[in-house]
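See below for input-v1.tsv, which holds TSV, C-alpha atoms and all ligand atoms.
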chain	number	residue	atom	x	y	z
N	1	ASP	CA	-118.46	-19.20	0.89
N	2	PHE	CA	-116.28	-17.77	3.67
N	3	PRO	CA	-118.14	-15.33	5.91
N	4	SER	CA	-117.14	-11.73	6.60
N	5	GLY	CA	-113.75	-11.56	8.30
N	6	TYR	CA	-112.58	-14.66	6.36
N	7	THR	CA	-113.01	-13.62	2.73
N	8	GLY	CA	-109.21	-13.45	2.38
N	9	TYR	CA	-109.15	-17.26	2.42
N	10	HIS	CA	-109.36	-19.08	-0.93
N	11	ASN	CA	-112.36	-21.29	-1.57
N	12	TYR	CA	-111.94	-24.11	-4.10
N	13	ALA	CA	-112.77	-21.97	-7.14
N	14	GLU	CA	-110.46	-19.18	-5.97
N	15	MET	CA	-107.66	-21.68	-5.26
N	16	THR	CA	-108.05	-23.13	-8.74
N	17	ALA	CA	-108.03	-19.66	-10.29
N	18	GLU	CA	-104.87	-18.80	-8.37
N	19	LEU	CA	-103.14	-21.93	-9.68
N	20	ASN	CA	-104.19	-21.14	-13.26
N	21	GLN	CA	-102.89	-17.59	-12.85
N	22	THR	CA	-99.55	-18.97	-11.69
N	23	VAL	CA	-99.32	-21.02	-14.88
N	24	THR	CA	-100.06	-17.88	-16.91
N	25	ASP	CA	-97.50	-15.83	-15.01
N	26	HIS	CA	-94.71	-18.47	-14.92
N	27	PRO	CA	-95.16	-20.93	-17.80
N	28	ASN	CA	-91.46	-21.86	-17.71
N	29	LEU	CA	-91.40	-22.59	-13.97
N	30	VAL	CA	-94.58	-24.57	-13.29
N	31	ARG	CA	-96.70	-27.40	-14.60
N	32	LEU	CA	-100.22	-27.91	-13.27
N	33	SER	CA	-101.75	-31.37	-13.14
N	34	SER	CA	-104.41	-33.24	-11.19
N	35	LEU	CA	-103.84	-36.27	-9.01
N	36	GLY	CA	-107.40	-37.36	-9.83
N	37	ASN	CA	-110.69	-36.62	-8.10
N	38	SER	CA	-112.02	-36.36	-4.57
N	39	TYR	CA	-115.00	-38.45	-3.45
N	40	GLN	CA	-117.40	-35.81	-4.77
N	41	GLY	CA	-115.45	-35.39	-8.01
N	42	ARG	CA	-113.31	-32.32	-7.40
N	43	ALA	CA	-109.88	-32.40	-9.04
N	44	LEU	CA	-106.95	-32.59	-6.62
N	45	PRO	CA	-104.51	-30.13	-8.21
N	46	ALA	CA	-100.76	-30.62	-7.99
N	47	LEU	CA	-98.34	-27.92	-9.09
N	48	LYS	CA	-94.76	-28.81	-10.03
N	49	ILE	CA	-92.20	-26.04	-9.66
N	50	SER	CA	-88.81	-26.40	-11.38
N	51	ASN	CA	-86.59	-24.71	-13.95
N	52	ASN	CA	-87.77	-27.17	-16.60
N	53	PRO	CA	-91.13	-28.43	-15.34
N	54	ALA	CA	-92.14	-30.41	-18.44
N	55	VAL	CA	-89.10	-32.67	-18.00
N	56	ASP	CA	-88.51	-35.18	-15.20
N	57	GLN	CA	-84.99	-34.15	-14.27
N	58	ALA	CA	-82.63	-36.17	-12.07
N	59	LYS	CA	-83.06	-33.81	-9.14
N	60	PRO	CA	-84.32	-34.47	-5.60
N	61	GLU	CA	-88.05	-33.89	-5.29
N	62	VAL	CA	-89.93	-32.34	-2.37
N	63	LEU	CA	-93.67	-32.58	-1.65
N	64	PHE	CA	-95.89	-30.17	0.27
N	65	THR	CA	-99.46	-31.28	1.04
N	66	CYS	CA	-102.12	-29.07	2.59
N	67	ASN	CA	-105.72	-29.25	3.85
N	68	GLN	CA	-106.08	-32.93	4.70
N	69	HIS	CA	-108.36	-31.54	7.37
N	70	ALA	CA	-111.18	-29.45	5.95
N	71	ARG	CA	-111.42	-26.69	8.57
N	72	GLU	CA	-107.67	-26.06	8.51
N	73	HIS	CA	-108.01	-23.45	5.76
N	74	LEU	CA	-104.85	-21.56	6.75
N	75	THR	CA	-102.90	-24.50	5.30
N	76	VAL	CA	-104.33	-23.85	1.81
N	77	GLU	CA	-102.96	-20.33	2.16
N	78	MET	CA	-99.61	-21.79	3.25
N	79	CYS	CA	-99.36	-23.96	0.14
N	80	LEU	CA	-100.36	-21.04	-2.10
N	81	HIS	CA	-97.75	-18.88	-0.35
N	82	ILE	CA	-95.04	-21.48	-1.03
N	83	ILE	CA	-96.08	-21.47	-4.70
N	84	LYS	CA	-96.04	-17.69	-4.91
N	85	ARG	CA	-92.69	-17.38	-3.17
N	86	PHE	CA	-90.85	-19.90	-5.35
N	87	THR	CA	-92.31	-18.57	-8.61
N	88	ASP	CA	-92.54	-14.80	-8.14
N	89	GLY	CA	-89.24	-14.85	-6.27
N	90	TYR	CA	-87.30	-16.84	-8.86
N	91	ALA	CA	-86.22	-13.92	-11.03
N	92	THR	CA	-85.03	-11.66	-8.22
N	93	ASN	CA	-83.97	-13.85	-5.28
N	94	SER	CA	-80.80	-15.89	-5.79
N	95	ALA	CA	-81.49	-18.20	-2.84
N	96	ILE	CA	-84.95	-19.00	-4.19
N	97	LYS	CA	-83.53	-19.53	-7.68
N	98	ALA	CA	-80.86	-21.91	-6.35
N	99	LEU	CA	-83.48	-24.07	-4.64
N	100	VAL	CA	-85.79	-24.17	-7.67
N	101	ASP	CA	-82.85	-24.93	-9.98
N	102	SER	CA	-81.63	-27.84	-7.81
N	103	ARG	CA	-84.94	-29.47	-6.85
N	104	GLU	CA	-88.33	-30.36	-8.23
N	105	ILE	CA	-91.01	-29.05	-5.85
N	106	TRP	CA	-94.55	-30.47	-5.79
N	107	VAL	CA	-97.37	-28.61	-4.04
N	108	VAL	CA	-100.85	-30.07	-3.40
N	109	PRO	CA	-102.81	-27.14	-1.91
N	110	SER	CA	-105.92	-29.12	-0.95
N	111	VAL	CA	-106.05	-32.86	-0.30
N	112	ASN	CA	-109.63	-32.60	0.99
N	113	PRO	CA	-111.53	-30.05	-1.14
N	114	ASP	CA	-114.93	-31.69	-0.48
N	115	GLY	CA	-114.55	-31.17	3.24
N	116	ALA	CA	-113.18	-27.67	2.82
N	117	GLU	CA	-116.12	-26.65	0.62
N	118	TYR	CA	-118.63	-28.28	2.96
N	119	ASP	CA	-117.12	-26.41	5.89
N	120	ILE	CA	-118.05	-23.05	4.33
N	121	ALA	CA	-121.08	-24.07	2.21
N	122	ALA	CA	-123.66	-22.54	4.56
N	123	GLY	CA	-121.84	-19.21	4.76
N	124	THR	CA	-120.73	-20.13	8.26
N	125	LEU	CA	-117.67	-21.99	9.59
N	126	ARG	CA	-118.93	-25.47	10.46
N	127	GLY	CA	-115.81	-26.92	12.10
N	128	TRP	CA	-115.80	-29.86	9.65
N	129	ARG	CA	-112.63	-31.99	9.71
N	130	LYS	CA	-113.06	-35.14	7.66
N	131	ASN	CA	-113.77	-35.83	3.98
N	132	ARG	CA	-117.39	-36.13	2.76
N	133	GLN	CA	-117.49	-39.85	2.04
N	134	PRO	CA	-120.49	-41.65	3.58
N	135	ASN	CA	-119.87	-44.55	5.92
N	136	SER	CA	-122.18	-47.15	7.43
N	137	THR	CA	-123.45	-44.90	10.20
N	138	SER	CA	-122.42	-41.36	9.32
N	139	THR	CA	-120.35	-39.18	6.96
N	140	GLY	CA	-116.65	-38.65	6.74
N	141	THR	CA	-113.34	-40.44	7.02
N	142	ASP	CA	-110.40	-38.69	8.65
N	143	PRO	CA	-107.81	-38.72	5.87
N	144	ASN	CA	-105.02	-38.55	8.44
N	145	ARG	CA	-106.04	-41.87	9.95
N	146	ASN	CA	-106.60	-43.60	6.59
N	147	TRP	CA	-103.01	-44.11	5.39
N	148	GLY	CA	-101.83	-47.69	5.03
N	149	TYR	CA	-98.98	-48.01	7.48
N	150	GLN	CA	-99.94	-49.47	10.87
N	151	TRP	CA	-103.51	-48.55	9.98
N	152	GLY	CA	-105.76	-48.89	13.03
N	153	CYS	CA	-102.99	-50.61	14.95
N	154	CYS	CA	-102.71	-48.76	18.18
N	155	GLY	CA	-105.68	-46.83	19.50
N	156	GLY	CA	-104.71	-43.73	17.54
N	157	SER	CA	-107.92	-43.61	15.52
N	158	SER	CA	-111.57	-44.61	15.77
N	159	GLY	CA	-113.65	-47.36	14.18
N	160	THR	CA	-116.86	-45.39	14.76
N	161	GLY	CA	-118.18	-43.72	11.62
N	162	SER	CA	-119.31	-40.55	13.40
N	163	SER	CA	-115.96	-40.04	15.10
N	164	GLU	CA	-113.73	-37.13	14.11
N	165	THR	CA	-110.87	-39.61	13.79
N	166	TYR	CA	-112.76	-42.35	11.93
N	167	ARG	CA	-110.11	-44.37	10.09
N	168	GLY	CA	-112.44	-45.65	7.35
N	169	PRO	CA	-113.44	-49.29	6.73
N	170	SER	CA	-109.97	-50.09	5.40
N	171	ALA	CA	-106.64	-48.44	4.73
N	172	PHE	CA	-106.82	-46.11	1.74
N	173	SER	CA	-110.61	-46.36	1.61
N	174	ALA	CA	-110.74	-42.60	0.95
N	175	PRO	CA	-110.29	-41.52	-2.69
N	176	GLU	CA	-108.22	-38.58	-1.53
N	177	THR	CA	-105.58	-40.66	0.26
N	178	GLN	CA	-105.60	-43.11	-2.66
N	179	ARG	CA	-104.79	-40.31	-5.12
N	180	VAL	CA	-101.91	-38.92	-3.08
N	181	ARG	CA	-100.65	-42.46	-2.44
N	182	ASP	CA	-100.73	-43.24	-6.17
N	183	PHE	CA	-98.88	-40.03	-6.98
N	184	VAL	CA	-96.12	-40.75	-4.44
N	185	ASN	CA	-95.89	-44.37	-5.61
N	186	SER	CA	-95.54	-43.09	-9.18
N	187	ARG	CA	-92.46	-41.10	-8.19
N	188	VAL	CA	-90.49	-44.32	-7.76
N	189	VAL	CA	-88.30	-44.12	-10.87
N	190	GLY	CA	-85.80	-46.87	-11.63
N	191	GLY	CA	-86.58	-48.32	-8.22
N	192	VAL	CA	-85.71	-45.10	-6.42
N	193	GLN	CA	-88.23	-42.80	-4.75
N	194	GLN	CA	-87.53	-39.33	-6.17
N	195	ILE	CA	-89.39	-37.51	-3.39
N	196	LYS	CA	-86.91	-37.15	-0.56
N	197	ALA	CA	-88.82	-34.96	1.90
N	198	HIS	CA	-92.40	-33.92	2.65
N	199	ILE	CA	-94.30	-31.51	4.86
N	200	ASP	CA	-98.00	-32.03	5.60
N	201	TRP	CA	-99.52	-28.76	6.81
N	202	HIS	CA	-102.15	-28.63	9.54
N	203	THR	CA	-103.54	-26.24	12.12
N	204	TYR	CA	-103.29	-25.57	14.98
N	205	SER	CA	-100.86	-25.50	17.98
N	206	GLU	CA	-97.60	-24.31	16.41
N	207	LEU	CA	-95.76	-27.64	16.39
N	208	ILE	CA	-93.25	-29.42	14.17
N	209	LEU	CA	-93.87	-33.17	14.33
N	210	TRP	CA	-92.00	-36.17	12.95
N	211	PRO	CA	-92.58	-39.99	12.91
N	212	TYR	CA	-93.59	-42.22	14.32
N	213	GLY	CA	-97.05	-41.34	15.49
N	214	TYR	CA	-98.22	-44.91	16.10
N	215	THR	CA	-95.76	-45.63	18.93
N	216	TYR	CA	-94.23	-43.70	21.80
N	217	ASN	CA	-90.88	-45.33	21.05
N	218	ASP	CA	-88.28	-43.05	19.45
N	219	THR	CA	-87.03	-45.94	17.33
N	220	ALA	CA	-89.08	-48.78	15.87
N	221	THR	CA	-89.19	-50.98	12.79
N	222	GLY	CA	-87.77	-49.01	9.89
N	223	LEU	CA	-86.68	-46.05	12.03
N	224	ASN	CA	-83.29	-46.41	13.70
N	225	ALA	CA	-81.47	-44.14	16.15
N	226	ASP	CA	-79.54	-42.23	13.50
N	227	GLN	CA	-82.72	-41.58	11.55
N	228	ALA	CA	-84.59	-40.49	14.67
N	229	ASN	CA	-81.67	-38.19	15.44
N	230	ALA	CA	-81.77	-36.66	11.96
N	231	PHE	CA	-85.55	-36.16	12.15
N	232	GLY	CA	-85.23	-34.47	15.53
N	233	THR	CA	-82.22	-32.35	14.67
N	234	LEU	CA	-83.76	-30.90	11.52
N	235	GLY	CA	-87.08	-30.54	13.33
N	236	ARG	CA	-85.45	-28.53	16.10
N	237	GLN	CA	-83.51	-26.37	13.66
N	238	MET	CA	-86.70	-25.53	11.76
N	239	ALA	CA	-88.56	-24.83	15.00
N	240	ALA	CA	-85.83	-22.37	16.01
N	241	LEU	CA	-86.72	-20.42	12.85
N	242	ASN	CA	-90.53	-20.32	13.11
N	243	GLY	CA	-90.97	-20.49	16.87
N	244	TYR	CA	-93.03	-23.71	16.79
N	245	THR	CA	-92.44	-26.52	19.31
N	246	PRO	CA	-90.55	-29.53	17.91
N	247	GLN	CA	-91.47	-33.03	19.06
N	248	GLN	CA	-92.06	-36.58	17.90
N	249	SER	CA	-95.62	-36.92	16.71
N	250	SER	CA	-96.63	-39.41	19.39
N	251	ASP	CA	-95.47	-36.99	22.10
N	252	LEU	CA	-98.62	-35.05	21.18
N	253	TYR	CA	-100.83	-38.14	21.08
N	254	ILE	CA	-100.78	-41.55	19.43
N	255	THR	CA	-102.09	-41.53	15.85
N	256	ASP	CA	-102.28	-44.52	13.57
N	257	GLY	CA	-102.74	-44.36	9.82
N	258	SER	CA	-101.14	-40.92	9.57
N	259	VAL	CA	-99.49	-39.63	6.43
N	260	ASN	CA	-96.09	-39.09	8.04
N	261	ASP	CA	-95.79	-42.71	9.19
N	262	TRP	CA	-96.73	-44.01	5.73
N	263	MET	CA	-94.38	-41.65	3.88
N	264	TRP	CA	-91.45	-42.67	6.05
N	265	ALA	CA	-92.10	-46.38	6.52
N	266	THR	CA	-93.12	-47.08	2.92
N	267	HIS	CA	-90.78	-44.73	1.03
N	268	LYS	CA	-88.22	-43.39	3.51
N	269	ILE	CA	-89.45	-39.89	2.74
N	270	TRP	CA	-88.42	-37.47	5.49
N	271	SER	CA	-91.99	-36.50	6.35
N	272	TYR	CA	-93.04	-33.86	8.87
N	273	THR	CA	-96.27	-32.29	10.04
N	274	PHE	CA	-96.30	-28.55	10.70
N	275	GLU	CA	-99.18	-27.48	12.96
N	276	MET	CA	-99.58	-23.78	12.26
N	277	TYR	CA	-100.89	-20.78	14.17
N	278	PRO	CA	-102.46	-20.25	16.67
N	279	LYS	CA	-100.54	-21.81	19.55
N	280	SER	CA	-103.76	-22.35	21.45
N	281	GLY	CA	-107.47	-21.68	21.15
N	282	THR	CA	-110.78	-22.36	22.76
N	283	GLY	CA	-113.14	-24.77	21.03
N	284	LEU	CA	-113.24	-24.30	17.28
N	285	ASN	CA	-111.92	-20.75	17.20
N	286	GLY	CA	-108.32	-21.98	17.00
N	287	PHE	CA	-109.10	-23.28	13.50
N	288	TYR	CA	-110.42	-19.92	12.33
N	289	PRO	CA	-107.93	-17.08	12.57
N	290	ARG	CA	-109.31	-13.97	10.84
N	291	ASP	CA	-107.98	-13.39	7.33
N	292	THR	CA	-105.91	-10.48	8.64
N	293	GLN	CA	-103.60	-13.11	10.20
N	294	ILE	CA	-102.86	-14.98	6.95
N	295	ALA	CA	-99.95	-12.97	5.57
N	296	THR	CA	-97.96	-12.96	8.81
N	297	GLN	CA	-98.54	-16.61	9.64
N	298	VAL	CA	-97.65	-17.99	6.21
N	299	ALA	CA	-94.51	-15.82	5.93
N	300	ARG	CA	-93.50	-16.95	9.42
N	301	ASN	CA	-92.50	-20.29	7.88
N	302	ASN	CA	-90.31	-18.90	5.07
N	303	THR	CA	-86.91	-19.57	6.64
N	304	ALA	CA	-87.95	-22.99	7.99
N	305	VAL	CA	-89.16	-24.00	4.52
N	306	ASP	CA	-85.89	-22.76	3.00
N	307	LEU	CA	-83.83	-24.76	5.52
N	308	PHE	CA	-85.99	-27.82	4.83
N	309	LEU	CA	-85.51	-27.49	1.07
N	310	GLY	CA	-81.77	-26.98	1.58
N	311	TYR	CA	-81.43	-30.32	3.38
N	312	ALA	CA	-84.01	-32.12	1.25
N	313	ASP	CA	-81.44	-33.81	-1.02
N	314	CYS	CA	-79.91	-35.54	2.01
N	315	VAL	CA	-81.51	-34.92	5.41
N	316	PRO	CA	-78.87	-36.98	7.31
N	317	ARG	CA	-76.40	-34.24	6.37
N	318	VAL	CA	-78.01	-32.35	9.26
N	319	ILE	CA	-76.21	-34.73	11.65
N	320	GLY	CA	-72.99	-34.83	9.62
N	321	GLN	CA	-73.80	-37.94	7.63
N	322	THR	CA	-73.63	-38.40	3.86
N	323	CYS	CA	-76.16	-39.98	1.49
N	401	LIG	C1	-100.41	-35.00	12.75
N	401	LIG	C2	-101.14	-35.42	14.01
N	401	LIG	C3	-100.17	-35.96	15.04
N	401	LIG	C4	-101.88	-34.24	14.61
N	401	LIG	C5	-103.13	-33.80	13.84
N	401	LIG	N1	-103.76	-32.74	14.59
N	401	LIG	S1	-104.96	-31.91	13.90
N	401	LIG	N2	-104.39	-31.05	12.71
N	401	LIG	O1	-105.89	-32.86	13.36
N	401	LIG	O2	-105.51	-31.02	14.88
N	401	LIG	C6	-104.09	-35.01	13.69
N	401	LIG	O3	-104.74	-35.34	14.70
N	401	LIG	O4	-104.15	-35.58	12.58
N	402	ZN	ZN	-105.09	-31.41	10.87

In structure tokens, write the structure found in this file.
Ligand SMILES: CC(C)C[C@H](NS(N)(=O)=O)C(=O)O
Ligand SMILES: [Zn+2]
Amino acid sequence: DFPSGYTGYHNYAEMTAELNQTVTDHPNLVRLSSLGNSYQGRALPALKISNNPAVDQAKPEVLFTCNQHAREHLTVEMCLHIIKRFTDGYATNSAIKALVDSREIWVVPSVNPDGAEYDIAAGTLRGWRKNRQPNSTSTGTDPNRNWGYQWGCCGGSSGTGSSETYRGPSAFSAPETQRVRDFVNSRVVGGVQQIKAHIDWHTYSELILWPYGYTYNDTATGLNADQANAFGTLGRQMAALNGYTPQQSSDLYITDGSVNDWMWATHKIWSYTFEMYPKSGTGLNGFYPRDTQIATQVARNNTAVDLFLGYADCVPRVIGQTC
């Protein structure tokens, strides 16, 4: 479990209990399901938030995914905070109610529960990043190099099993990326992808990142100048609200097989990565802010998340275009 100073973070059992409590508290606002199982057989819970969650309504859908990287536990807290805010806040906050009434919001608080549990299993903080799937020489695939767009194309991942950025033996070789892929693919209804926008939460460095990660070019196949402009404009507007630094993903470093590139290229989902607090750190300590930091650092993103949800039905509106 989490050691002293970190017990405010949710382990897998506590995360599951929190989700079940949300269902108890807000049966008319949420529906809890599983996307399927991780490599080691843990359910990957997905919570749907809407004003009629049992019905697939013709409303724009938004997806939040957290904890692709095991040690980035603050992101689980971020997803749970989003859930709490849009359920507990529904009855009293008109802005929250308007967003929940006009969208269907999906939250996946842990994409990589095996890695997250392994990271804390010894009562210490191991600095584990990847999933727990064995490979030919070692253990672990980096889920954020395992997505099937431009997989392994461009030196933005490793083919060495022990590497922190091991891409896996093939695209979508990890059960966890397969399950999220299958869920997103299943949201194509009548030939139209219902999910319009997505944030994948990571730590750390306080950045807002947008595609593509596989190339330094601002535009590339499937991403034209208008779309790059919309990505950047919304990214900068959100960064002005949370104080993160906005940039194209590849400005940080080249990544191939990342979730953002797949979400955009395959489904035209306006997909961002938020790298949370801290801005900087030495060694592993950047991944492990004490639990006293959680409340401030999750709430810091409230207005950026609200702006994101507001544009989610048509992100190009941010540059004066229509959908
Ligand atoms: C989303 C990309 C560009 C950055 C991310 N950084 S992290 N969260 O692994 O430190 C990663 O390397 O996957
Ligand atoms: Zn990460």

List every protein, DNA or RNA residue that has an atom no more than 12 Å from (-81.2, -28.2, 7.8) in the file's coordinate frame, counting all atoms listed in the file, and report them as a PyMOL selection string. chain N and resi 197+230-241+270+303-320

Next, the residues of the selection above should be written as a tab-separated table (two decimals), keeping the file's coordinate frame with C-alpha atoms.
chain	number	residue	atom	x	y	z
N	197	ALA	CA	-88.82	-34.96	1.90
N	230	ALA	CA	-81.77	-36.66	11.96
N	231	PHE	CA	-85.55	-36.16	12.15
N	232	GLY	CA	-85.23	-34.47	15.53
N	233	THR	CA	-82.22	-32.35	14.67
N	234	LEU	CA	-83.76	-30.90	11.52
N	235	GLY	CA	-87.08	-30.54	13.33
N	236	ARG	CA	-85.45	-28.53	16.10
N	237	GLN	CA	-83.51	-26.37	13.66
N	238	MET	CA	-86.70	-25.53	11.76
N	239	ALA	CA	-88.56	-24.83	15.00
N	240	ALA	CA	-85.83	-22.37	16.01
N	241	LEU	CA	-86.72	-20.42	12.85
N	270	TRP	CA	-88.42	-37.47	5.49
N	303	THR	CA	-86.91	-19.57	6.64
N	304	ALA	CA	-87.95	-22.99	7.99
N	305	VAL	CA	-89.16	-24.00	4.52
N	306	ASP	CA	-85.89	-22.76	3.00
N	307	LEU	CA	-83.83	-24.76	5.52
N	308	PHE	CA	-85.99	-27.82	4.83
N	309	LEU	CA	-85.51	-27.49	1.07
N	310	GLY	CA	-81.77	-26.98	1.58
N	311	TYR	CA	-81.43	-30.32	3.38
N	312	ALA	CA	-84.01	-32.12	1.25
N	313	ASP	CA	-81.44	-33.81	-1.02
N	314	CYS	CA	-79.91	-35.54	2.01
N	315	VAL	CA	-81.51	-34.92	5.41
N	316	PRO	CA	-78.87	-36.98	7.31
N	317	ARG	CA	-76.40	-34.24	6.37
N	318	VAL	CA	-78.01	-32.35	9.26
N	319	ILE	CA	-76.21	-34.73	11.65
N	320	GLY	CA	-72.99	-34.83	9.62

Can you tell me, as number ranges by chain, what residues are no more than 7 Å from stretch 144-158 of chain N when counting only C-alpha atoms, ignoring any on the same chain fewer than 3 positions away? N: 68, 163, 165-168, 171-173, 177, 214, 254-259, 261-262

Environment of ligand LIG 401 (chain N) within 7 Å, counting only C-alpha atoms and all ligand atoms, reported as a ChimeraX atom specification: /N:69,144,202-204,209,213,249-250,252-253,255,258,273,275

Option closest in space to N:Gly41, from N:Asn260, N:Thr139, N:Thr292, N:Asn112 [counting all atoms listed in the file]: N:Asn112

Rank N:Pro45, N:Gly161, N:Gly286, N:Gly89 by their smallest atom-to-atom distance to N:Val107, using only C-alpha atoms, and report the top residue only. N:Pro45

Have a look at atom CA of N:Glu77 and atom CA of N:Met15 and let me know their distance in Å, one decimal.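 Between atom CA of N:Glu77 and atom CA of N:Met15 the gap works out to 8.9 Å.
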
List as a ChimeraX atom specification the residues having at least one atom at most 10 Å from position (-101.6, -23.0, 18.4) as given in the file, counting only C-alpha atoms. /N:203-207,244-245,275-281,286-287

Hey, can you spit out that residue selection with C-alpha atoms as a compact mmCIF listing (two decimals), in the frame of the given file?
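Final file, again36.txt:
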# COMPACT_ATOMS: atom_id res chain seq x y z
CA THR N 203 -103.54 -26.24 12.12
CA TYR N 204 -103.29 -25.57 14.98
CA SER N 205 -100.86 -25.50 17.98
CA GLU N 206 -97.60 -24.31 16.41
CA LEU N 207 -95.76 -27.64 16.39
CA TYR N 244 -93.03 -23.71 16.79
CA THR N 245 -92.44 -26.52 19.31
CA GLU N 275 -99.18 -27.48 12.96
CA MET N 276 -99.58 -23.78 12.26
CA TYR N 277 -100.89 -20.78 14.17
CA PRO N 278 -102.46 -20.25 16.67
CA LYS N 279 -100.54 -21.81 19.55
CA SER N 280 -103.76 -22.35 21.45
CA GLY N 281 -107.47 -21.68 21.15
CA GLY N 286 -108.32 -21.98 17.00
CA PHE N 287 -109.10 -23.28 13.50

Nearest residue to ligand ZN 402 (chain N) out of N:Val108, N:Ala98, N:Ala70, N:Val298, using all atoms listed in the file?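 Closest candidate: N:Ala70.
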
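Going from atom CA of N:Ala225 over to atom CA of N:Asn242, you cover 25.7 Å.
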
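Each of N:Pro143, N:Pro246, N:Gly8, N:Gly191 was compared to ligand ZN 402 (chain N) using all atoms listed in the file, and N:Pro143 turns out to be the nearest.
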
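Comparing N:Thr16, N:Thr7, N:Thr65, N:Thr24 by their smallest distance to ligand ZN 402 (chain N), the closest is N:Thr65 (using only C-alpha atoms and all ligand atoms).
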
Measuring atom to atom with all atoms listed in the file, identify which of N:Asn224, N:Gln57, N:Thr266, N:Gln133 is nearest to N:Glu176. N:Gln133

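Coordinates place atom CA of N:Phe2 at a distance of 18.5 Å from atom CA of N:Arg42.
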
Nearby residues (all atoms listed in the file) at most 12 Å from N:Thr22, same-chain spacing under 4 positions excluded, as an MDAnalysis selection string: chainID N and resid 15:18 26:32 47:49 80:88

I'd like the neighbourhood of N:Asp291 as a PyMOL selection string, where a residue qualifies if any of its atoms comes within 7 Å (using only C-alpha atoms), though same-chain residues fewer than 2 positions away should be ignored. chain N and resi 5-9+289+293-294
